>>> print(open('target.txt').read())   # compact mmCIF, C-alpha atoms and all ligand atoms
# COMPACT_ATOMS: atom_id res chain seq x y z
CA MET A 21 0.00 0.00 0.00
CA ILE A 22 1.37 3.41 -0.91
CA TYR A 23 0.08 6.07 1.47
CA LEU A 24 -0.36 9.45 -0.23
CA ASP A 25 -3.02 10.94 2.05
CA CYS A 26 -0.88 12.90 4.51
CA PRO A 27 -3.13 16.00 4.58
CA ALA A 28 -5.89 13.73 5.98
CA THR A 29 -3.62 12.28 8.63
CA THR A 30 0.08 11.60 8.92
CA PRO A 31 1.38 8.29 10.26
CA CYS A 32 2.60 8.66 13.82
CA ASP A 33 6.40 8.96 13.91
CA PRO A 34 7.85 5.91 15.76
CA ARG A 35 9.86 8.31 17.99
CA VAL A 36 6.57 9.97 18.98
CA LEU A 37 5.02 6.62 19.81
CA ASP A 38 8.05 5.68 21.95
CA ALA A 39 7.73 8.91 23.94
CA MET A 40 4.01 8.29 24.54
CA LEU A 41 4.00 4.63 25.53
CA PRO A 42 5.13 4.85 29.20
CA PHE A 43 2.32 7.30 29.96
CA PHE A 44 -0.31 4.70 29.01
CA SER A 45 0.93 2.18 31.57
CA ALA A 46 3.97 2.34 33.87
CA ALA A 47 3.93 6.14 34.16
CA ALA A 48 0.12 6.57 34.03
CA ALA A 49 -1.24 9.16 36.48
CA ASN A 50 -3.66 12.03 36.51
CA PRO A 51 -1.53 15.11 35.75
CA HIS A 52 -3.88 17.27 37.82
CA ASN A 53 -3.13 15.33 40.99
CA ARG A 54 -0.06 16.97 42.53
CA HIS A 55 -0.27 14.91 45.74
CA HIS A 56 1.83 12.00 44.49
CA ALA A 57 5.01 11.63 42.49
CA PRO A 58 3.48 9.98 39.38
CA GLY A 59 0.91 12.82 39.13
CA ARG A 60 3.68 15.39 39.40
CA ALA A 61 5.75 13.54 36.78
CA ALA A 62 2.78 13.47 34.38
CA ALA A 63 2.24 17.21 34.99
CA ALA A 64 5.94 17.87 34.30
CA ALA A 65 5.72 15.86 31.05
CA ILE A 66 2.72 17.93 29.97
CA GLU A 67 4.52 21.19 30.73
CA GLN A 68 7.50 19.97 28.70
CA ALA A 69 5.09 19.20 25.82
CA ARG A 70 3.54 22.64 26.18
CA ARG A 71 7.00 24.20 25.81
CA GLN A 72 7.67 22.08 22.70
CA VAL A 73 4.38 23.08 21.06
CA ALA A 74 4.92 26.74 21.95
CA SER A 75 8.42 26.68 20.55
CA LEU A 76 7.21 25.45 17.14
CA ILE A 77 5.16 28.63 16.67
CA ALA A 78 7.41 31.04 18.61
CA ALA A 79 4.84 31.43 21.39
CA ARG A 80 5.06 31.31 25.19
CA PRO A 81 4.08 28.03 26.90
CA ALA A 82 1.32 29.78 28.88
CA GLU A 83 -0.30 30.72 25.57
CA ILE A 84 -0.96 27.07 24.59
CA ILE A 85 -4.35 25.55 25.46
CA PHE A 86 -4.52 21.80 24.73
CA THR A 87 -7.67 20.66 22.93
CA SER A 88 -8.85 17.46 21.24
CA GLY A 89 -7.67 18.71 17.84
CA ALA A 90 -7.97 21.57 15.39
CA THR A 91 -11.76 21.22 15.05
CA GLU A 92 -12.18 21.97 18.73
CA ALA A 93 -9.52 24.69 18.64
CA ASN A 94 -11.33 26.39 15.74
CA ASN A 95 -14.69 26.16 17.53
CA LEU A 96 -13.19 27.54 20.75
CA ALA A 97 -11.52 30.41 18.92
CA LEU A 98 -14.50 31.42 16.80
CA LYS A 99 -17.47 30.83 19.10
CA GLY A 100 -15.44 31.76 22.19
CA ILE A 101 -14.23 35.09 20.81
CA ALA A 102 -17.62 35.90 19.28
CA ARG A 103 -19.18 35.48 22.72
CA ALA A 104 -16.40 37.28 24.58
CA TRP A 105 -16.49 40.27 22.22
CA ALA A 106 -20.23 40.36 21.50
CA GLY A 107 -20.50 43.71 23.28
CA ARG A 108 -18.05 45.33 20.85
CA GLY A 109 -19.42 44.02 17.56
CA ARG A 110 -20.88 41.03 15.79
CA HIS A 111 -19.10 40.98 12.43
CA ILE A 112 -16.56 38.29 11.45
CA VAL A 113 -14.57 37.95 8.22
CA THR A 114 -13.36 34.67 6.72
CA VAL A 115 -12.51 33.06 3.37
CA ALA A 116 -14.46 30.68 1.10
CA THR A 117 -11.77 27.96 1.11
CA GLU A 118 -11.67 27.49 4.89
CA HIS A 119 -12.08 24.05 6.45
CA ALA A 120 -15.56 22.95 7.57
CA SER A 121 -14.42 23.30 11.18
CA VAL A 122 -14.20 27.06 10.58
CA LEU A 123 -17.12 27.54 8.18
CA GLU A 124 -19.60 25.49 10.22
CA PRO A 125 -19.06 27.24 13.59
CA LEU A 126 -19.36 30.54 11.70
CA ALA A 127 -22.60 29.34 10.08
CA ALA A 128 -23.85 28.50 13.59
CA LEU A 129 -22.92 32.00 14.78
CA ALA A 130 -24.70 33.51 11.75
CA ARG A 131 -27.85 31.64 12.78
CA GLU A 132 -27.48 33.23 16.22
CA GLY A 133 -27.29 36.77 14.80
CA TRP A 134 -23.63 37.39 13.93
CA THR A 135 -22.82 38.67 10.43
CA VAL A 136 -20.16 36.69 8.58
CA THR A 137 -18.44 37.97 5.43
CA ILE A 138 -16.97 35.14 3.35
CA LEU A 139 -14.31 36.48 0.97
CA PRO A 140 -13.53 34.87 -2.40
CA VAL A 141 -10.09 33.63 -3.48
CA ASP A 142 -8.40 34.18 -6.84
CA GLY A 143 -7.97 31.38 -9.40
CA GLY A 144 -4.72 30.41 -7.68
CA GLY A 145 -6.51 29.96 -4.32
CA ARG A 146 -5.23 33.05 -2.47
CA VAL A 147 -7.26 35.72 -0.74
CA ASP A 148 -6.22 39.28 -1.52
CA PRO A 149 -5.28 41.19 1.68
CA ASP A 150 -6.84 44.30 0.06
CA HIS A 151 -10.17 42.44 -0.02
CA VAL A 152 -9.76 41.68 3.68
CA ALA A 153 -9.05 45.36 4.38
CA GLN A 154 -12.13 46.43 2.40
CA ALA A 155 -14.34 43.96 4.29
CA LEU A 156 -13.45 45.35 7.73
CA ARG A 157 -16.15 47.41 9.44
CA SER A 158 -16.42 49.33 12.67
CA ASP A 159 -18.16 46.30 14.25
CA THR A 160 -15.68 43.68 12.96
CA ILE A 161 -14.27 41.75 15.91
CA LEU A 162 -12.47 38.84 14.27
CA VAL A 163 -10.82 37.74 11.02
CA SER A 164 -10.15 34.02 10.44
CA VAL A 165 -7.87 32.93 7.58
CA MET A 166 -6.25 29.51 7.35
CA ALA A 167 -2.47 29.24 6.94
CA VAL A 168 -2.46 26.39 4.39
CA ASN A 169 -5.38 24.86 2.56
CA ASN A 170 -5.97 21.14 3.12
CA GLU A 171 -7.04 20.36 -0.46
CA THR A 172 -4.67 22.46 -2.55
CA GLY A 173 -1.78 23.28 -0.21
CA VAL A 174 -2.17 27.01 -0.98
CA ILE A 175 -0.49 29.27 1.59
CA GLN A 176 -2.39 32.42 2.57
CA PRO A 177 -0.65 35.78 3.18
CA LEU A 178 -0.96 35.70 6.98
CA ALA A 179 1.56 38.40 7.84
CA GLU A 180 -0.14 41.03 5.64
CA ILE A 181 -3.57 40.17 7.03
CA GLY A 182 -2.26 40.05 10.61
CA ALA A 183 -0.72 43.51 10.26
CA LEU A 184 -3.90 45.12 9.01
CA CYS A 185 -6.02 43.46 11.72
CA ARG A 186 -3.65 44.50 14.53
CA ALA A 187 -3.60 48.09 13.24
CA ARG A 188 -7.40 48.21 13.61
CA GLY A 189 -7.60 46.35 16.95
CA ILE A 190 -9.34 43.35 15.35
CA LEU A 191 -8.40 39.85 16.49
CA PHE A 192 -6.80 37.55 13.92
CA HIS A 193 -7.28 33.77 14.05
CA SER A 194 -5.58 31.26 11.78
CA ASP A 195 -6.25 27.55 11.34
CA ALA A 196 -2.70 26.24 10.96
CA ALA A 197 -3.54 22.51 11.04
CA GLN A 198 -1.94 21.99 7.61
CA ALA A 199 0.89 24.46 8.10
CA ALA A 200 2.54 23.39 11.34
CA GLY A 201 5.66 21.41 10.64
CA ARG A 202 5.57 22.30 6.95
CA LEU A 203 6.10 26.05 7.15
CA PRO A 204 7.89 28.11 9.78
CA ILE A 205 5.23 29.80 11.93
CA ASP A 206 5.94 32.86 14.06
CA VAL A 207 2.77 34.07 15.74
CA GLY A 208 4.43 37.30 16.87
CA ALA A 209 5.87 38.21 13.46
CA SER A 210 2.56 37.43 11.70
CA LYS A 211 0.54 39.27 14.39
CA ILE A 212 -1.68 36.27 15.02
CA ASP A 213 -3.87 36.36 18.15
CA LEU A 214 -5.28 32.83 18.00
CA LEU A 215 -3.94 29.82 16.10
CA SER A 216 -5.26 26.26 15.82
CA LEU A 217 -3.04 23.18 15.65
CA SER A 218 -3.61 19.44 15.25
CA ALA A 219 -1.08 16.77 16.24
CA HIS A 220 -2.19 14.12 13.74
CA LYS A 221 -1.24 16.36 10.82
CA LEU A 222 2.41 16.52 11.94
CA TYR A 223 3.25 12.90 12.74
CA GLY A 224 1.76 13.08 16.23
CA PRO A 225 -1.21 11.14 17.64
CA PRO A 226 -4.83 11.79 16.65
CA GLY A 227 -7.12 13.23 19.33
CA VAL A 228 -5.01 16.15 20.51
CA GLY A 229 -4.36 19.67 19.28
CA ALA A 230 -4.03 23.14 20.68
CA LEU A 231 -5.27 26.67 20.50
CA TYR A 232 -2.65 29.38 20.86
CA VAL A 233 -4.19 32.39 22.59
CA ARG A 234 -1.98 35.47 22.65
CA GLN A 235 -1.35 36.52 26.24
CA CYS A 236 -3.52 39.56 26.67
CA ALA A 237 -6.55 39.39 28.96
CA SER A 238 -9.01 40.62 26.35
CA ASN A 239 -8.10 37.80 23.94
CA ASP A 240 -9.51 35.02 26.08
CA PRO A 241 -12.42 33.19 24.43
CA VAL A 242 -15.46 32.16 26.44
CA PRO A 243 -14.97 28.40 27.03
CA LEU A 244 -17.16 25.91 25.17
CA LEU A 245 -17.24 23.57 28.16
CA ASP A 246 -17.69 23.98 31.89
CA GLY A 247 -15.81 21.70 34.23
CA GLY A 248 -12.80 21.43 36.46
CA GLY A 249 -11.02 24.60 35.40
CA GLN A 250 -8.05 22.97 33.62
CA GLU A 251 -6.19 24.91 30.91
CA ARG A 252 -6.84 28.25 32.66
CA GLY A 253 -10.54 27.39 32.62
CA LEU A 254 -10.60 27.76 28.83
CA ARG A 255 -10.73 24.02 28.19
CA PRO A 256 -11.69 21.98 31.25
CA GLY A 257 -11.22 18.22 31.37
CA THR A 258 -8.39 15.86 32.37
CA LEU A 259 -5.49 16.32 29.99
CA PRO A 260 -4.55 13.13 28.09
CA THR A 261 -0.88 12.88 29.15
CA PRO A 262 0.24 10.38 26.45
CA LEU A 263 -1.36 12.44 23.68
CA CYS A 264 0.07 15.74 24.92
CA VAL A 265 3.53 14.16 25.26
CA GLY A 266 3.26 12.76 21.72
CA PHE A 267 2.15 16.12 20.37
CA GLY A 268 5.10 17.85 22.06
CA GLN A 269 7.54 15.25 20.76
CA ALA A 270 6.11 15.60 17.22
CA CYS A 271 6.69 19.36 17.41
CA ALA A 272 10.24 18.85 18.69
CA LEU A 273 11.03 16.54 15.78
CA VAL A 274 10.04 19.07 13.13
CA VAL A 275 12.92 20.02 10.83
CA THR A 276 10.95 22.12 8.39
CA GLU A 277 13.48 23.20 5.79
CA ALA A 278 15.40 19.98 5.11
CA GLU A 279 12.27 17.84 5.23
CA GLN A 280 10.25 20.10 2.99
CA ALA A 281 13.05 20.23 0.39
CA GLY A 282 12.95 16.42 0.10
CA ILE A 283 9.15 16.36 -0.08
CA ALA A 284 9.17 19.13 -2.71
CA ARG A 285 11.56 17.09 -4.86
CA LEU A 286 9.27 14.05 -4.67
CA GLY A 287 6.21 16.19 -5.37
CA GLU A 288 7.87 17.53 -8.50
CA ARG A 289 8.79 14.00 -9.55
CA LEU A 290 5.13 12.94 -9.15
CA TRP A 291 3.86 15.95 -11.09
CA GLN A 292 6.35 15.50 -13.97
CA GLY A 293 5.74 11.75 -14.08
CA LEU A 294 1.98 12.16 -14.28
CA ARG A 295 2.16 15.06 -16.73
CA ARG A 296 4.01 12.85 -19.19
CA ARG A 297 1.26 10.23 -18.98
CA VAL A 298 -1.91 12.31 -18.64
CA PRO A 299 -2.71 14.75 -21.44
CA GLY A 300 -4.24 17.97 -20.11
CA LEU A 301 -3.44 17.20 -16.45
CA ARG A 302 -3.96 20.40 -14.42
CA ARG A 303 -2.62 21.42 -11.04
CA ASN A 304 -5.00 23.44 -8.85
CA GLY A 305 -3.66 26.25 -6.69
CA ASN A 306 -0.81 28.51 -7.72
CA PRO A 307 2.31 26.35 -7.23
CA ALA A 308 4.29 29.49 -6.32
CA TYR A 309 2.20 29.64 -3.12
CA CYS A 310 1.80 25.94 -2.30
CA VAL A 311 3.40 23.90 0.48
CA ALA A 312 5.51 21.00 -0.70
CA GLY A 313 3.79 17.66 -1.05
CA THR A 314 0.10 18.60 -1.36
CA LEU A 315 -0.95 18.40 -5.01
CA SER A 316 -4.52 18.82 -6.22
CA LEU A 317 -4.61 17.42 -9.77
CA THR A 318 -7.47 17.44 -12.26
CA PHE A 319 -7.57 14.53 -14.74
CA PRO A 320 -9.80 15.98 -17.48
CA GLY A 321 -12.76 13.86 -18.50
CA LEU A 322 -12.25 11.32 -15.71
CA ASP A 323 -14.21 10.52 -12.59
CA ALA A 324 -11.78 10.66 -9.66
CA THR A 325 -13.79 8.16 -7.60
CA ASP A 326 -13.72 5.61 -10.46
CA LEU A 327 -10.00 6.17 -10.90
CA MET A 328 -9.41 5.62 -7.18
CA ALA A 329 -11.40 2.39 -7.37
CA ASP A 330 -8.93 1.22 -10.04
CA LEU A 331 -6.03 2.02 -7.70
CA PRO A 332 -6.60 -0.28 -4.71
CA ASP A 333 -2.93 -0.09 -3.64
CA LEU A 334 -2.86 3.70 -3.50
CA ALA A 335 -4.31 5.62 -0.52
CA LEU A 336 -5.46 8.92 -2.02
CA SER A 337 -8.32 11.30 -1.54
CA THR A 338 -10.70 13.19 -3.80
CA GLY A 339 -10.49 16.23 -1.54
CA ALA A 340 -11.11 16.83 2.12
CA ALA A 341 -11.72 13.50 3.82
CA CYS A 342 -14.52 15.09 5.84
CA GLN A 343 -16.42 16.08 2.70
CA ALA A 344 -15.77 12.80 0.93
CA GLU A 345 -18.86 11.17 2.41
CA SER A 346 -21.29 13.90 1.36
CA GLY A 347 -20.61 13.34 -2.36
CA ALA A 348 -20.93 17.10 -2.93
CA PRO A 349 -18.31 18.73 -5.19
CA SER A 350 -15.53 20.30 -3.15
CA SER A 351 -16.38 23.84 -2.08
CA VAL A 352 -12.65 24.64 -2.12
CA LEU A 353 -12.30 23.69 -5.78
CA SER A 354 -15.51 25.57 -6.64
CA ALA A 355 -14.04 28.66 -4.97
CA LEU A 356 -11.01 28.35 -7.27
CA GLY A 357 -13.40 28.40 -10.25
CA LEU A 358 -13.58 24.69 -11.10
CA ASP A 359 -16.94 23.51 -12.42
CA ALA A 360 -18.57 20.35 -11.04
CA PRO A 361 -17.12 17.93 -13.68
CA ALA A 362 -13.60 19.34 -13.16
CA ALA A 363 -13.97 19.08 -9.37
CA GLN A 364 -15.15 15.49 -9.77
CA ALA A 365 -12.09 14.75 -11.90
CA THR A 366 -9.73 15.91 -9.17
CA LEU A 367 -7.50 13.87 -6.87
CA ARG A 368 -5.43 15.09 -3.95
CA PHE A 369 -1.96 13.65 -3.49
CA GLY A 370 -0.41 14.20 -0.07
CA LEU A 371 3.24 13.29 0.41
CA GLY A 372 5.01 13.29 3.73
CA ARG A 373 8.08 12.51 5.84
CA PHE A 374 7.98 8.79 5.07
CA THR A 375 7.20 8.94 1.33
CA THR A 376 9.98 7.44 -0.81
CA GLU A 377 11.10 7.97 -4.40
CA MET A 378 10.28 4.36 -5.16
CA GLU A 379 6.71 4.85 -3.93
CA ILE A 380 6.30 7.88 -6.18
CA ASP A 381 7.57 5.98 -9.21
CA ARG A 382 5.29 3.04 -8.43
CA ALA A 383 2.31 5.37 -7.92
CA VAL A 384 2.93 7.04 -11.29
CA ALA A 385 3.19 3.65 -13.00
CA MET A 386 -0.01 2.40 -11.31
CA ILE A 387 -1.94 5.46 -12.43
CA GLY A 388 -0.53 5.13 -15.96
CA ARG A 389 -1.72 1.50 -16.08
CA ALA A 390 -5.16 2.37 -14.67
CA LEU A 391 -5.63 5.09 -17.30
CA ALA A 392 -4.51 2.80 -20.13
CA LYS A 393 -7.09 0.17 -19.10
CA PRO A 394 -9.72 -0.25 -21.83
CA GLU A 395 -13.24 0.98 -20.94
CA PRO A 396 -15.46 -1.91 -19.73
C1 LIG B 1 -7.22 22.82 7.62
C2 LIG B 1 -7.79 21.90 8.64
N1 LIG B 1 -8.39 22.40 9.73
C3 LIG B 1 -8.91 21.61 10.67
C4 LIG B 1 -8.87 20.25 10.57
C5 LIG B 1 -9.47 19.40 11.66
O1 LIG B 1 -8.46 18.89 12.47
P1 LIG B 1 -8.76 17.78 13.58
O2 LIG B 1 -8.87 16.49 12.84
O3 LIG B 1 -7.58 17.83 14.48
O4 LIG B 1 -10.01 18.14 14.27
C6 LIG B 1 -8.26 19.68 9.44
C7 LIG B 1 -8.20 18.22 9.27
O5 LIG B 1 -9.07 17.57 8.80
C8 LIG B 1 -7.71 20.52 8.46
O6 LIG B 1 -7.12 20.02 7.37
>>> encode(input="target.txt", output="C-alpha cells")
Amino acid sequence: MIYLDCPATTPCDPRVLDAMLPFFSAAAANPHNRHHAPGRAAAAAIEQARRQVASLIAARPAEIIFTSGATEANNLALKGIARAWAGRGRHIVTVATEHASVLEPLAALAREGWTVTILPVDGGGRVDPDHVAQALRSDTILVSVMAVNNETGVIQPLAEIGALCRARGILFHSDAAQAAGRLPIDVGASKIDLLSLSAHKLYGPPGVGALYVRQCASNDPVPLLDGGGQERGLRPGTLPTPLCVGFGQACALVVTEAEQAGIARLGERLWQGLRRRVPGLRRNGNPAYCVAGTLSLTFPGLDATDLMADLPDLALSTGAACQAESGAPSSVLSALGLDAPAAQATLRFGLGRFTTEMEIDRAVAMIGRALAKPEP
C-alpha cells in the first residue's frame, strides 16, 4: 500500500510513539493530581510538551491551550471570541476555502445573529489582503484565515492580514492545522492572536491539538465547556498525558526546511511523471504559493472516484476526507473556479516525511496503467 493521504492524517512517527507509551501504563497518572510523584511527573511531562508546542510557533508556553484537535480549537476560537467580544461588535470575516471546522461554527454564529463575510479567493486559491481590508467594518471583531489549505496546499498571506487586523484592533485567528511542521510559523511576526493546531497532521497522535491564545486578557475566548477549570478554565477536562507528550515530541522533531526540500523534490517527480502520462493534467492552486507535497490534480474527463477504485494499492483522496462522504463537489475547488465535472475529476496527493522515491515511481506507474485500461 502506498500512502499518499498525509493531509488527511500523517502516520505517527515511531519516535513519537516511543515517547508516549510509558504514559499509558507504567507512568500513568492524573496530571492534575499533585499529591503523588506519578501525578507530578505526568504534569511535568505535559509542561514539557507545552514548551515544545509553543516553541514550534514562537509562542510562550502559557499561551498554549490543549484541545482534542484543530476542530475543537477552531470552535473555541470562533465561538469563544464571538461570545467574549459580542458587546463590541458582531461581524466576522473569513474566506471561502476554509475548512468545515471554521465555516460550520461561523454558520452556527450567523444563525445566532452574527454577520459573517466570506471572501472569495483568486484562481490560484489566495485571498487578496486588500479584499480583507475592504471587508473590515467598525463592528468587525475577528478575522479568520487559514495558513495552508488542506485540499490544494495554498499558503495564505498571513503576515499582511495580521498587520492590518492588529492596526485596527481586530483579532486575527488562523487555522494552521496543515501548516505546522511544513512552514515556519511565528505568531508574533505574523501578528496572530489565535492559532489552531492538530497533532495528527504533523506525525503526532490523533485526538489532541491546541489553541494558541496570545497573552492579553481581552483575547480570552469564552470556554465551550464547563468543568474542572483545567487549561486556565478555557478548556476543562483531564489532559490526556500520552497524547500531549506525543504532540510535544512531534513538534520537537520538526525540521521544516530539510524535510520540505525532500518532499518538494518528490512532489515535482510525481507531477512531472503524471504530466508525461496524462494529457491535459492540471494542477490546482498557484504552485508558487503551495506547500511541498500537497498536489490537487485534475484529470480531465475522468471521474476521480472511479480512478481511485482502479487504484486499490494507493491511498489517495478526492479532496477533504470530511467532505468525501457527502458526495458534494468540493467547495474549495468551486471557490477556485472549477466547475462540477472538473472538481469530480480531481484527486489530492499528499506526500510526507515517510514517502519514498520508489513509492512515487510506483504510484505514477499504477496510475498510468489504470488510465490505459480499456473501458469496460
Ligand atoms: C485545515 C484543517 N483544519 C482543521 C482540521 C481538523 O483537524 P482535527 O482532525 O484535528 O479536528 C483539518 C483536518 O481535517 C484541516 O485540514
>>> residues_near_ligand(input="target.txt", ligand="ligand LIG 1 (chain B)", cutoff="9 Å", atoms="all atoms listed in the file", output="PyMOL selection string")
chain A and resi 27-29+87-94+118-122+166-171+195-199+216-221+226-230+340-342
>>> write_last_selection(input="target.txt", atoms="C-alpha atoms", output="mmCIF file, keeping the file's coordinate frame")
data_model
loop_
_atom_site.group_PDB
_atom_site.id
_atom_site.type_symbol
_atom_site.label_atom_id
_atom_site.label_comp_id
_atom_site.auth_asym_id
_atom_site.auth_seq_id
_atom_site.Cartn_x
_atom_site.Cartn_y
_atom_site.Cartn_z
ATOM 1 C CA PRO A 27 -3.130 16.000 4.580
ATOM 2 C CA ALA A 28 -5.890 13.730 5.980
ATOM 3 C CA THR A 29 -3.620 12.280 8.630
ATOM 4 C CA THR A 87 -7.670 20.660 22.930
ATOM 5 C CA SER A 88 -8.850 17.460 21.240
ATOM 6 C CA GLY A 89 -7.670 18.710 17.840
ATOM 7 C CA ALA A 90 -7.970 21.570 15.390
ATOM 8 C CA THR A 91 -11.760 21.220 15.050
ATOM 9 C CA GLU A 92 -12.180 21.970 18.730
ATOM 10 C CA ALA A 93 -9.520 24.690 18.640
ATOM 11 C CA ASN A 94 -11.330 26.390 15.740
ATOM 12 C CA GLU A 118 -11.670 27.490 4.890
ATOM 13 C CA HIS A 119 -12.080 24.050 6.450
ATOM 14 C CA ALA A 120 -15.560 22.950 7.570
ATOM 15 C CA SER A 121 -14.420 23.300 11.180
ATOM 16 C CA VAL A 122 -14.200 27.060 10.580
ATOM 17 C CA MET A 166 -6.250 29.510 7.350
ATOM 18 C CA ALA A 167 -2.470 29.240 6.940
ATOM 19 C CA VAL A 168 -2.460 26.390 4.390
ATOM 20 C CA ASN A 169 -5.380 24.860 2.560
ATOM 21 C CA ASN A 170 -5.970 21.140 3.120
ATOM 22 C CA GLU A 171 -7.040 20.360 -0.460
ATOM 23 C CA ASP A 195 -6.250 27.550 11.340
ATOM 24 C CA ALA A 196 -2.700 26.240 10.960
ATOM 25 C CA ALA A 197 -3.540 22.510 11.040
ATOM 26 C CA GLN A 198 -1.940 21.990 7.610
ATOM 27 C CA ALA A 199 0.890 24.460 8.100
ATOM 28 C CA SER A 216 -5.260 26.260 15.820
ATOM 29 C CA LEU A 217 -3.040 23.180 15.650
ATOM 30 C CA SER A 218 -3.610 19.440 15.250
ATOM 31 C CA ALA A 219 -1.080 16.770 16.240
ATOM 32 C CA HIS A 220 -2.190 14.120 13.740
ATOM 33 C CA LYS A 221 -1.240 16.360 10.820
ATOM 34 C CA PRO A 226 -4.830 11.790 16.650
ATOM 35 C CA GLY A 227 -7.120 13.230 19.330
ATOM 36 C CA VAL A 228 -5.010 16.150 20.510
ATOM 37 C CA GLY A 229 -4.360 19.670 19.280
ATOM 38 C CA ALA A 230 -4.030 23.140 20.680
ATOM 39 C CA ALA A 340 -11.110 16.830 2.120
ATOM 40 C CA ALA A 341 -11.720 13.500 3.820
ATOM 41 C CA CYS A 342 -14.520 15.090 5.840
#
>>> atom_distance(input="target.txt", atom1="CA of Pro262 in chain A", atom2="CA of Leu222 in chain A")
15.9 Å
>>> atom_distance(input="target.txt", atom1="CA of Ala46 in chain A", atom2="CA of Leu259 in chain A")
17.3 Å
>>> residues_near_point(input="target.txt", point="(-16.8, 46.7, 15.5)", cutoff="6 Å", atoms="all atoms listed in the file", output="ChimeraX atom specification")
/A:108-109,158-161
>>> closest_residue(input="target.txt", among="A:Asp213, A:Glu377, A:Asp323, A:Asp150", to="Leu290 in chain A", atoms="only C-alpha atoms")
A:Glu377
>>> closest_residue(input="target.txt", among="A:Leu139, A:Leu391, A:Val233, A:Ala48", to="Pro299 in chain A", atoms="all atoms listed in the file")
A:Leu391
>>> atom_distance(input="target.txt", atom1="CA of Tyr232 in chain A", atom2="CA of Leu214 in chain A")
5.2 Å
